[in-house]
Amino acid sequence: MSKIKVTIGNKIYEIEKGNSLSDLIHEHISGAQYMMAAARCNEKIVELNEPLNEDVSIEWISLSSVEGLEIIRHSASHIMASAVKHLYPDTKITIGPSIENGFYYDFDSEHRFNEEDFEAIENEMQKIIDANQKFEKSFVSKEDAIKKFSNDGEIYKVELIRDLQDGSISFYKNGDFTDLCRGPHVASTKYVKAFKIMKLSGAYWRGDEKNKMLQRIYGTAFSDSKSLKQYLTMIEESKERDHRKIGKEMNLFGFYNEGPGFPFWKPNGMTLYNTIVEYWRKEHTRAGYQEVKTPIMLNVDLWHRSGHWDNYKDNMYFTEIDKEEYAIKPMNCPGGLLIFNDGIHSYRELPLKIAELGLVHRHEKSGVLHGLMRVRQFTQDDAHIYCTREQVKDEVKDVIRLVQKVYAKFGFDNVHLELSTRPEKSIGSDEIWEIAERSLKETLEELELEYKLNPGDGAFYGPKIDFHIKDAIGRSWQCGTIQCDFALPERFDISYIGTDGQKHRPVMLHRTVLGSIERFIGILIENYKGKFPFWLAPEQVRILTVANTHKDYAYEIKNILQNNDIRVKIDETDDKLGSKIKQARLERVSHLIIIGDKEVSDRVIGIRKADENTMTEVPFGDIISFINELKNN
């Protein structure tokens, strides 16, 4: 047989034509077995079992890489489906993709799955893994694929296949289990080394509430048991940090049956909310933004013109006024465009930076609502920058610097950027999309910022840069965004008068820094576990007295602190000091002042962090300077 060459880095291997990378590993680098998920050749993923028929140059995709983990998890979903079919043969299978941090598979089964089933499913999965079943890819005609799954009674697979274009269809087989799938997969089941079933939920077939409710089983998989253990530890830690639990203990917000998905802010929550907004306004004023406010409900004609009707109406709420249809705004930009159009603008005004803390409503299905993280009503810290084409890159750079500054203030120094390009559903010409995408890409490169490319994930009106922050336990959250939009200025026919006295079309940059203020607060709560920096804490100081005879001095301290804009309360209960301290810690008060006989007689103040025992004694006259130091740290 003839030989082909496989180049890996600076090494060249010769293998028989038709052999695979698995064969190469076994013959030449056997120590690497079960370390590689697949390989990449000219941006194409090559599976380890795939026959090679020509010279290739490849890069390994390790099991621990982001792409490698996706492949492991996709393979694990097949193993889980196979295990479920073994245990509950009448179960009908649907789809099972990899997702962030794991995978799931949706099942139609008479058996009602519960957490007690997890161990049996995991044990059966382990048997399949230990059997080292090869993932074998094959192709059949659409007709034969329908026939196969019809004979097996897999009605959901038949429906999926009928929606596919005519031609050959790919299958993957491991052991006695065959699934409709594009891949890629690891070479065999033994590559899935560490996994766990995580939870259950319901899911409508194809996400349509008119279809049958299926049972979704979630799992996760990692390249090794250590990584799995670290992840499970993080999950347990995230439960302790759950903003819904902490928000209740701190009395920040609530959700009620009368308004599912609509947060109710309590006094402590409003204090936190307004503290964030106050800082946001200060920074935006310094950066040259002007603030506006637009109505939350506008005629549907506006949403036809903006493109939201065609691209976003399923997420919108509608009502009727005077026999005309209105929509509650899901975004602020169309209202902002109306303000821009109300007058003539000169090139001298550009860049024009218009900010809005805009209340928006989006129809989210009840199954995805999650505290402050996924709501139906939230405030976007929006802004729209109208500028010339020549100003785009400088303005994007300024936004990036502002985002980095604001995130640092809140303690987020690890910021990851992603560039998303034109999606399938979009408005605007190929030319303006090419210009917009190039502008964002060149800006990131000029700033020498690393970024991930997300092809096809832009907004329907323009490409975007998204900002992802990492919290205290390593979770990533997408918050801010910059979107470069040539399309809406065209649709709304906005213009400015240029140096030549003629009308010109501005570019519109959409941007948020925090994203949703509600969601950002949820992230902050979980990041700090409710123990906010002093400047953010809803209750900065609580004064505790040992006895009622100390109340007069406590009020004297409270008055001077309040007069210096310190958020302070006195515990008025008759509880013992230990109970008062315990309650203050539960409510995440930042600092405690404890007043007893000594403090009263010596005119001193004993102050400490609520969750620490070390007390600092401060003379009465020095307390404001001491507190101001806390504010600035």
# chains A, B, ... in the order shown; residues from 1 in each chain; ligands from 1
call {"tool": "residues_around", "arguments": {"residues": "A:Val604", "least_positions_apart": "3", "cutoff": "10 Å", "atoms": "only C-alpha atoms", "output": "tab-separated table (two decimals) with all heavy atoms, in the first residue's frame"}}
result
chain	number	residue	atom	x	y	z
A	595	ILE	N	-21.45	49.48	71.09
A	595	ILE	CA	-21.40	50.49	72.16
A	595	ILE	C	-21.71	49.83	73.50
A	595	ILE	O	-22.77	49.22	73.69
A	595	ILE	CB	-22.42	51.62	71.89
A	595	ILE	CG1	-22.19	52.26	70.52
A	595	ILE	CG2	-22.37	52.67	73.01
A	595	ILE	CD1	-20.84	52.90	70.36
A	598	LYS	N	-17.69	51.21	78.32
A	598	LYS	CA	-16.38	51.80	78.07
A	598	LYS	C	-16.45	52.83	76.95
A	598	LYS	O	-15.86	53.92	77.05
A	598	LYS	CB	-15.37	50.72	77.71
A	598	LYS	CG	-13.96	51.24	77.45
A	598	LYS	CD	-13.02	50.12	77.10
A	598	LYS	CE	-11.57	50.61	76.92
A	598	LYS	NZ	-11.45	51.63	75.89
A	599	GLU	N	-17.16	52.49	75.85
A	599	GLU	CA	-17.25	53.41	74.70
A	599	GLU	C	-17.95	54.71	75.10
A	599	GLU	O	-17.55	55.80	74.69
A	599	GLU	CB	-18.00	52.73	73.55
A	599	GLU	CG	-17.22	51.66	72.80
A	599	GLU	CD	-17.09	50.36	73.57
A	599	GLU	OE1	-17.95	50.11	74.47
A	599	GLU	OE2	-16.16	49.60	73.28
A	600	VAL	N	-18.99	54.57	75.93
A	600	VAL	CA	-19.74	55.77	76.36
A	600	VAL	C	-18.87	56.63	77.26
A	600	VAL	O	-18.78	57.86	77.08
A	600	VAL	CB	-21.04	55.36	77.09
A	600	VAL	CG1	-21.73	56.60	77.67
A	600	VAL	CG2	-21.99	54.64	76.13
A	601	SER	N	-18.20	56.01	78.24
A	601	SER	CA	-17.43	56.79	79.21
A	601	SER	C	-16.19	57.42	78.58
A	601	SER	O	-15.81	58.55	78.92
A	601	SER	CB	-17.02	55.90	80.39
A	601	SER	OG	-16.19	54.84	79.95
A	607	ILE	N	-15.29	49.82	66.22
A	607	ILE	CA	-15.81	49.47	64.89
A	607	ILE	C	-15.04	48.29	64.32
A	607	ILE	O	-13.83	48.16	64.53
A	607	ILE	CB	-15.76	50.69	63.93
A	607	ILE	CG1	-16.44	50.36	62.60
A	607	ILE	CG2	-14.34	51.18	63.74
A	607	ILE	CD1	-16.68	51.60	61.72
A	617	GLU	N	-10.56	50.70	67.76
A	617	GLU	CA	-11.08	51.75	68.63
A	617	GLU	C	-10.74	53.11	68.03
A	617	GLU	O	-9.57	53.42	67.80
A	617	GLU	CB	-10.51	51.62	70.04
A	617	GLU	CG	-11.22	52.49	71.07
A	617	GLU	CD	-10.74	52.22	72.47
A	617	GLU	OE1	-11.28	51.31	73.13
A	617	GLU	OE2	-9.80	52.93	72.90
A	618	VAL	N	-11.77	53.91	67.75
A	618	VAL	CA	-11.59	55.20	67.08
A	618	VAL	C	-12.16	56.30	67.97
A	618	VAL	O	-13.30	56.20	68.44
A	618	VAL	CB	-12.31	55.22	65.72
A	618	VAL	CG1	-12.11	56.56	65.01
A	618	VAL	CG2	-11.84	54.07	64.85
A	619	PRO	N	-11.40	57.39	68.23
A	619	PRO	CA	-11.96	58.52	68.99
A	619	PRO	C	-13.18	59.08	68.27
A	619	PRO	O	-13.24	59.09	67.03
A	619	PRO	CB	-10.81	59.53	69.03
A	619	PRO	CG	-9.58	58.71	68.81
A	619	PRO	CD	-9.98	57.60	67.91
A	620	PHE	N	-14.14	59.55	69.03
A	620	PHE	CA	-15.38	60.06	68.46
A	620	PHE	C	-15.11	61.08	67.35
A	620	PHE	O	-15.74	61.04	66.28
A	620	PHE	CB	-16.25	60.70	69.55
A	620	PHE	CG	-17.55	61.25	69.05
A	620	PHE	CD1	-18.67	60.43	68.91
A	620	PHE	CD2	-17.68	62.59	68.69
A	620	PHE	CE1	-19.88	60.93	68.44
A	620	PHE	CE2	-18.88	63.10	68.21
A	620	PHE	CZ	-19.98	62.26	68.09
A	621	GLY	N	-14.17	61.97	67.56
A	621	GLY	CA	-13.91	63.03	66.59
A	621	GLY	C	-13.25	62.55	65.30
A	621	GLY	O	-13.19	63.30	64.31
A	622	ASP	N	-12.74	61.31	65.30
A	622	ASP	CA	-12.02	60.79	64.13
A	622	ASP	C	-12.85	59.81	63.29
A	622	ASP	O	-12.35	59.28	62.31
A	622	ASP	CB	-10.73	60.08	64.57
A	622	ASP	CG	-9.72	61.02	65.20
A	622	ASP	OD1	-9.85	62.25	65.00
A	622	ASP	OD2	-8.82	60.54	65.91
A	623	ILE	N	-14.09	59.58	63.68
A	623	ILE	CA	-14.85	58.51	63.02
A	623	ILE	C	-15.13	58.81	61.55
A	623	ILE	O	-15.10	57.92	60.70
A	623	ILE	CB	-16.18	58.22	63.76
A	623	ILE	CG1	-16.88	56.98	63.18
A	623	ILE	CG2	-17.10	59.43	63.75
A	623	ILE	CD1	-16.09	55.71	63.24
call {"tool": "residues_around", "arguments": {"residues": "stretch 257-264 of chain A", "least_positions_apart": "5", "cutoff": "6 Å", "atoms": "only C-alpha atoms", "output": "list of chain:residue names"}}
result
A:Val375, A:Arg376, A:Gln377
call {"tool": "write_last_selection", "arguments": {"atoms": "all heavy atoms", "output": "PDB file, in the first residue's frame"}}
result
ATOM      1  N   VAL A 375     -34.950  37.784  33.514  1.00  0.00           N
ATOM      2  CA  VAL A 375     -36.209  38.417  33.902  1.00  0.00           C
ATOM      3  C   VAL A 375     -36.947  38.912  32.659  1.00  0.00           C
ATOM      4  O   VAL A 375     -36.420  38.870  31.552  1.00  0.00           O
ATOM      5  CB  VAL A 375     -35.955  39.606  34.863  1.00  0.00           C
ATOM      6  CG1 VAL A 375     -35.453  39.129  36.206  1.00  0.00           C
ATOM      7  CG2 VAL A 375     -34.970  40.599  34.249  1.00  0.00           C
ATOM      8  N   ARG A 376     -38.156  39.362  32.862  1.00  0.00           N
ATOM      9  CA  ARG A 376     -38.950  39.893  31.757  1.00  0.00           C
ATOM     10  C   ARG A 376     -38.928  41.415  31.707  1.00  0.00           C
ATOM     11  O   ARG A 376     -39.353  42.001  30.718  1.00  0.00           O
ATOM     12  CB  ARG A 376     -40.397  39.393  31.888  1.00  0.00           C
ATOM     13  CG  ARG A 376     -40.535  37.908  31.573  1.00  0.00           C
ATOM     14  CD  ARG A 376     -41.891  37.362  31.940  1.00  0.00           C
ATOM     15  NE  ARG A 376     -42.068  36.009  31.414  1.00  0.00           N
ATOM     16  CZ  ARG A 376     -42.967  35.148  31.840  1.00  0.00           C
ATOM     17  NH1 ARG A 376     -43.792  35.490  32.833  1.00  0.00           N
ATOM     18  NH2 ARG A 376     -43.066  33.947  31.300  1.00  0.00           N
ATOM     19  N   GLN A 377     -38.461  42.023  32.754  1.00  0.00           N
ATOM     20  CA  GLN A 377     -38.339  43.485  32.801  1.00  0.00           C
ATOM     21  C   GLN A 377     -36.991  43.838  33.413  1.00  0.00           C
ATOM     22  O   GLN A 377     -36.623  43.328  34.456  1.00  0.00           O
ATOM     23  CB  GLN A 377     -39.459  44.082  33.665  1.00  0.00           C
ATOM     24  CG  GLN A 377     -39.290  45.576  33.946  1.00  0.00           C
ATOM     25  CD  GLN A 377     -40.234  46.051  35.022  1.00  0.00           C
ATOM     26  OE1 GLN A 377     -41.411  46.211  34.775  1.00  0.00           O
ATOM     27  NE2 GLN A 377     -39.723  46.258  36.239  1.00  0.00           N
TER      28      GLN A 377
END
call {"tool": "atom_distance", "arguments": {"atom1": "atom CA of A:Ser516", "atom2": "atom CA of A:Leu350"}}
result
26.9 Å
call {"tool": "select_by_dssp", "arguments": {"residues": "stretch 203-277 of chain A", "states": "strand (DSSP E)", "output": "PyMOL selection string"}}
result
chain A and resi 203-204+213-222+253-254+264-265
call {"tool": "write_last_selection", "arguments": {"atoms": "all heavy atoms", "output": "compact mmCIF listing (two decimals), in the first residue's frame"}}
result
# COMPACT_ATOMS: atom_id res chain seq x y z
N ALA A 203 -38.71 19.90 29.01
CA ALA A 203 -38.40 20.68 27.81
C ALA A 203 -39.39 20.29 26.72
O ALA A 203 -39.60 19.10 26.45
CB ALA A 203 -36.98 20.42 27.34
N TYR A 204 -40.00 21.30 26.12
CA TYR A 204 -40.92 21.01 25.01
C TYR A 204 -40.12 20.58 23.79
O TYR A 204 -39.04 21.11 23.51
CB TYR A 204 -41.75 22.24 24.66
CG TYR A 204 -42.77 22.62 25.72
CD1 TYR A 204 -42.57 23.73 26.53
CD2 TYR A 204 -43.93 21.86 25.90
CE1 TYR A 204 -43.49 24.08 27.51
CE2 TYR A 204 -44.86 22.21 26.87
CZ TYR A 204 -44.63 23.31 27.68
OH TYR A 204 -45.54 23.65 28.63
N MET A 213 -44.23 17.71 26.20
CA MET A 213 -43.18 17.97 27.17
C MET A 213 -42.31 16.72 27.32
O MET A 213 -42.80 15.63 27.60
CB MET A 213 -43.79 18.34 28.53
CG MET A 213 -42.78 18.49 29.65
SD MET A 213 -41.73 19.95 29.49
CE MET A 213 -42.86 21.23 30.07
N LEU A 214 -41.01 16.90 27.11
CA LEU A 214 -40.05 15.82 27.22
C LEU A 214 -39.31 15.91 28.56
O LEU A 214 -39.44 16.91 29.28
CB LEU A 214 -39.04 15.88 26.07
CG LEU A 214 -39.64 15.90 24.66
CD1 LEU A 214 -38.55 16.15 23.62
CD2 LEU A 214 -40.38 14.60 24.37
N GLN A 215 -38.53 14.89 28.86
CA GLN A 215 -37.71 14.90 30.07
C GLN A 215 -36.25 15.11 29.67
O GLN A 215 -35.69 14.35 28.88
CB GLN A 215 -37.86 13.58 30.82
CG GLN A 215 -39.28 13.32 31.30
CD GLN A 215 -39.35 12.04 32.09
OE1 GLN A 215 -38.97 11.98 33.25
NE2 GLN A 215 -39.85 10.99 31.45
N ARG A 216 -35.67 16.16 30.20
CA ARG A 216 -34.28 16.50 29.88
C ARG A 216 -33.37 16.11 31.03
O ARG A 216 -33.57 16.53 32.18
CB ARG A 216 -34.14 17.99 29.58
CG ARG A 216 -32.73 18.46 29.29
CD ARG A 216 -32.72 19.89 28.79
NE ARG A 216 -33.33 19.98 27.46
CZ ARG A 216 -33.47 21.13 26.79
NH1 ARG A 216 -33.06 22.27 27.32
NH2 ARG A 216 -34.05 21.13 25.60
N ILE A 217 -32.37 15.30 30.71
CA ILE A 217 -31.37 14.91 31.71
C ILE A 217 -30.06 15.63 31.37
O ILE A 217 -29.55 15.51 30.25
CB ILE A 217 -31.14 13.39 31.73
CG1 ILE A 217 -32.46 12.65 32.01
CG2 ILE A 217 -30.09 13.03 32.78
CD1 ILE A 217 -32.32 11.14 32.04
N TYR A 218 -29.55 16.39 32.33
CA TYR A 218 -28.31 17.13 32.16
C TYR A 218 -27.14 16.36 32.78
O TYR A 218 -27.29 15.71 33.83
CB TYR A 218 -28.37 18.48 32.87
CG TYR A 218 -29.24 19.52 32.21
CD1 TYR A 218 -30.58 19.65 32.55
CD2 TYR A 218 -28.72 20.39 31.24
CE1 TYR A 218 -31.38 20.63 31.97
CE2 TYR A 218 -29.51 21.37 30.66
CZ TYR A 218 -30.84 21.47 31.02
OH TYR A 218 -31.63 22.44 30.45
N GLY A 219 -26.00 16.43 32.15
CA GLY A 219 -24.79 15.86 32.71
C GLY A 219 -23.60 16.75 32.41
O GLY A 219 -23.73 17.77 31.71
N THR A 220 -22.47 16.38 32.95
CA THR A 220 -21.24 17.09 32.60
C THR A 220 -20.12 16.06 32.45
O THR A 220 -20.23 14.94 32.94
CB THR A 220 -20.86 18.14 33.66
OG1 THR A 220 -19.80 18.96 33.16
CG2 THR A 220 -20.41 17.50 34.96
N ALA A 221 -19.09 16.43 31.75
CA ALA A 221 -17.95 15.55 31.54
C ALA A 221 -16.69 16.39 31.41
O ALA A 221 -16.73 17.50 30.88
CB ALA A 221 -18.15 14.69 30.29
N PHE A 222 -15.58 15.83 31.89
CA PHE A 222 -14.30 16.51 31.83
C PHE A 222 -13.21 15.54 31.39
O PHE A 222 -13.43 14.33 31.32
CB PHE A 222 -13.95 17.10 33.21
CG PHE A 222 -14.75 18.34 33.54
CD1 PHE A 222 -16.01 18.23 34.10
CD2 PHE A 222 -14.26 19.60 33.25
CE1 PHE A 222 -16.76 19.35 34.39
CE2 PHE A 222 -15.00 20.73 33.52
CZ PHE A 222 -16.25 20.62 34.10
N PHE A 253 -34.68 42.17 47.20
CA PHE A 253 -35.70 42.12 46.14
C PHE A 253 -36.60 40.92 46.36
O PHE A 253 -36.32 40.03 47.18
CB PHE A 253 -35.05 42.04 44.75
CG PHE A 253 -34.13 40.86 44.59
CD1 PHE A 253 -34.63 39.62 44.20
CD2 PHE A 253 -32.77 40.96 44.83
CE1 PHE A 253 -33.78 38.52 44.05
CE2 PHE A 253 -31.92 39.87 44.70
CZ PHE A 253 -32.43 38.65 44.31
N GLY A 254 -37.71 40.88 45.61
CA GLY A 254 -38.62 39.75 45.69
C GLY A 254 -39.30 39.51 44.36
O GLY A 254 -39.33 40.39 43.48
N PHE A 264 -39.33 42.95 42.15
CA PHE A 264 -39.79 44.01 43.06
C PHE A 264 -38.59 44.39 43.93
O PHE A 264 -38.03 43.54 44.64
CB PHE A 264 -40.93 43.50 43.94
CG PHE A 264 -42.24 43.31 43.23
CD1 PHE A 264 -42.42 42.26 42.34
CD2 PHE A 264 -43.30 44.17 43.46
CE1 PHE A 264 -43.63 42.07 41.69
CE2 PHE A 264 -44.52 44.00 42.81
CZ PHE A 264 -44.69 42.94 41.92
N TRP A 265 -38.21 45.66 43.87
CA TRP A 265 -37.05 46.11 44.64
C TRP A 265 -37.49 46.64 45.99
O TRP A 265 -38.34 47.52 46.09
CB TRP A 265 -36.30 47.19 43.87
CG TRP A 265 -35.59 46.64 42.67
CD1 TRP A 265 -36.01 46.69 41.38
CD2 TRP A 265 -34.36 45.93 42.66
NE1 TRP A 265 -35.12 46.04 40.56
CE2 TRP A 265 -34.09 45.56 41.32
CE3 TRP A 265 -33.46 45.54 43.65
CZ2 TRP A 265 -32.96 44.85 40.95
CZ3 TRP A 265 -32.33 44.82 43.28
CH2 TRP A 265 -32.09 44.49 41.95
call {"tool": "residues_around", "arguments": {"residues": "A:Lys85", "least_positions_apart": "3", "cutoff": "12 Å", "atoms": "only C-alpha atoms", "output": "list in words"}}
result
His78, Ile79, Met80, Ala81, Ser82, Tyr88, Pro89, Asp90, Thr91, Lys92, Ile93, Thr94, Tyr105, Phe107, Asp108, Ser109, His111, Ile121, Glu124, Met125, Asp152, Glu154, Asp176, Phe177, Thr178 and Asp179 of chain A
call {"tool": "write_last_selection", "arguments": {"atoms": "C-alpha atoms", "output": "PDB file, in the first residue's frame"}}
result
ATOM      1  CA  HIS A  78     -24.563   9.586  23.206  1.00  0.00           C
ATOM      2  CA  ILE A  79     -23.281   7.323  25.973  1.00  0.00           C
ATOM      3  CA  MET A  80     -26.001   8.593  28.319  1.00  0.00           C
ATOM      4  CA  ALA A  81     -28.708   8.045  25.674  1.00  0.00           C
ATOM      5  CA  SER A  82     -27.395   4.533  25.096  1.00  0.00           C
ATOM      6  CA  TYR A  88     -35.655   1.828  29.793  1.00  0.00           C
ATOM      7  CA  PRO A  89     -35.983   0.243  26.320  1.00  0.00           C
ATOM      8  CA  ASP A  90     -39.306   1.886  25.462  1.00  0.00           C
ATOM      9  CA  THR A  91     -37.798   5.376  25.783  1.00  0.00           C
ATOM     10  CA  LYS A  92     -37.775   7.440  22.574  1.00  0.00           C
ATOM     11  CA  ILE A  93     -34.676   9.546  21.960  1.00  0.00           C
ATOM     12  CA  THR A  94     -34.635  13.086  20.530  1.00  0.00           C
ATOM     13  CA  TYR A 105     -30.377  14.659  26.181  1.00  0.00           C
ATOM     14  CA  PHE A 107     -36.208  11.769  26.237  1.00  0.00           C
ATOM     15  CA  ASP A 108     -39.831  10.773  25.729  1.00  0.00           C
ATOM     16  CA  SER A 109     -40.403   8.026  28.278  1.00  0.00           C
ATOM     17  CA  HIS A 111     -40.771   6.253  33.104  1.00  0.00           C
ATOM     18  CA  ILE A 121     -27.716   5.611  34.652  1.00  0.00           C
ATOM     19  CA  GLU A 124     -24.672   1.825  32.939  1.00  0.00           C
ATOM     20  CA  MET A 125     -22.686   4.628  31.307  1.00  0.00           C
ATOM     21  CA  ASP A 152     -37.079   1.415  15.555  1.00  0.00           C
ATOM     22  CA  GLU A 154     -37.946   6.646  16.914  1.00  0.00           C
ATOM     23  CA  ASP A 176     -25.700  -1.331  19.945  1.00  0.00           C
ATOM     24  CA  PHE A 177     -26.657   2.366  19.936  1.00  0.00           C
ATOM     25  CA  THR A 178     -27.000   4.388  16.717  1.00  0.00           C
ATOM     26  CA  ASP A 179     -27.807   8.080  16.575  1.00  0.00           C
TER      27      ASP A 179
END
call {"tool": "residues_around", "arguments": {"residues": "A:Asp117", "least_positions_apart": "2", "cutoff": "12 Å", "atoms": "only C-alpha atoms", "output": "list in words"}}
result
Ala83, Val84, Leu87, Tyr88, His111, Arg112, Phe113, Asn114, Glu115, Glu119, Ala120, Ile121, Glu122, Asn123, Glu124, Ile197, Met198, Lys199, Leu200 and Ile217 of chain A
call {"tool": "residues_around", "arguments": {"residues": "A:Lys558", "least_positions_apart": "2", "cutoff": "9 Å", "atoms": "only C-alpha atoms", "output": "list in words"}}
result
Arg542, Ile543, Tyr553, Ala554, Tyr555, Glu556, Ile560, Leu561, Gln562, Asn563, Ile566, Val568, Lys569 and Ile570 of chain A
call {"tool": "write_last_selection", "arguments": {"atoms": "N, CA, C and O atoms", "output": "compact mmCIF listing (two decimals), in the first residue's frame"}}
result
# COMPACT_ATOMS: atom_id res chain seq x y z
N ARG A 542 -23.94 49.25 61.08
CA ARG A 542 -25.03 49.02 62.02
C ARG A 542 -24.49 49.20 63.44
O ARG A 542 -23.43 48.65 63.77
N ILE A 543 -25.20 49.96 64.23
CA ILE A 543 -24.79 50.24 65.60
C ILE A 543 -25.52 49.30 66.54
O ILE A 543 -26.76 49.22 66.52
N TYR A 553 -25.87 57.62 73.20
CA TYR A 553 -24.58 57.74 72.50
C TYR A 553 -24.68 57.12 71.09
O TYR A 553 -24.11 57.64 70.14
N ALA A 554 -25.44 56.03 70.98
CA ALA A 554 -25.64 55.39 69.68
C ALA A 554 -26.30 56.36 68.70
O ALA A 554 -25.89 56.46 67.53
N TYR A 555 -27.32 57.09 69.15
CA TYR A 555 -27.99 58.05 68.26
C TYR A 555 -27.10 59.22 67.91
O TYR A 555 -27.17 59.77 66.80
N GLU A 556 -26.25 59.62 68.84
CA GLU A 556 -25.30 60.70 68.56
C GLU A 556 -24.36 60.27 67.42
O GLU A 556 -24.07 61.04 66.49
N ILE A 560 -24.23 61.80 63.30
CA ILE A 560 -23.05 62.35 62.63
C ILE A 560 -22.70 61.54 61.39
O ILE A 560 -22.28 62.09 60.36
N LEU A 561 -22.93 60.22 61.42
CA LEU A 561 -22.66 59.39 60.24
C LEU A 561 -23.67 59.71 59.13
O LEU A 561 -23.28 59.85 57.96
N GLN A 562 -24.93 59.80 59.48
CA GLN A 562 -25.95 60.11 58.46
C GLN A 562 -25.70 61.46 57.82
O GLN A 562 -25.88 61.63 56.61
N ASN A 563 -25.29 62.42 58.61
CA ASN A 563 -25.03 63.76 58.08
C ASN A 563 -23.82 63.77 57.15
O ASN A 563 -23.62 64.75 56.42
N ILE A 566 -23.35 58.45 55.30
CA ILE A 566 -23.07 57.05 55.60
C ILE A 566 -24.42 56.34 55.80
O ILE A 566 -25.30 56.85 56.51
N VAL A 568 -26.44 54.08 57.68
CA VAL A 568 -26.29 53.55 59.02
C VAL A 568 -27.65 53.31 59.66
O VAL A 568 -28.61 54.03 59.42
N LYS A 569 -27.72 52.24 60.47
CA LYS A 569 -28.92 51.94 61.24
C LYS A 569 -28.52 51.52 62.65
O LYS A 569 -27.38 51.11 62.90
N ILE A 570 -29.49 51.65 63.57
CA ILE A 570 -29.30 51.14 64.93
C ILE A 570 -30.18 49.91 65.09
O ILE A 570 -31.34 49.91 64.67
call {"tool": "closest_residue", "arguments": {"among": "A:Met35, A:Leu180, A:Ile482, A:Ile161", "to": "A:Lys397", "atoms": "only C-alpha atoms"}}
result
A:Ile482
call {"tool": "residues_around", "arguments": {"residues": "A:Asp575", "least_positions_apart": "2", "cutoff": "12 Å", "atoms": "only C-alpha atoms", "output": "list in words"}}
result
Leu544, Thr545, Val546, Ala547, Asn548, Asp571, Glu572, Thr573, Leu577, Gly578, Ser579, Lys580, Ile581, Lys582 and Gln583 of chain A
call {"tool": "atom_distance", "arguments": {"atom1": "atom CA of A:Asn613", "atom2": "atom CA of A:Gly596"}}
result
15.9 Å
call {"tool": "residues_around", "arguments": {"residues": "A:Ile45", "least_positions_apart": "6", "cutoff": "8 Å", "atoms": "only C-alpha atoms", "output": "ChimeraX atom specification"}}
result
/A:38-39,184
call {"tool": "atom_distance", "arguments": {"atom1": "atom CA of A:Phe340", "atom2": "atom CA of A:Tyr496"}}
result
9.9 Å
call {"tool": "closest_residue", "arguments": {"among": "A:Glu143, A:Glu587, A:Asp500, A:Glu526", "to": "A:Ile169", "atoms": "only C-alpha atoms"}}
result
A:Glu143
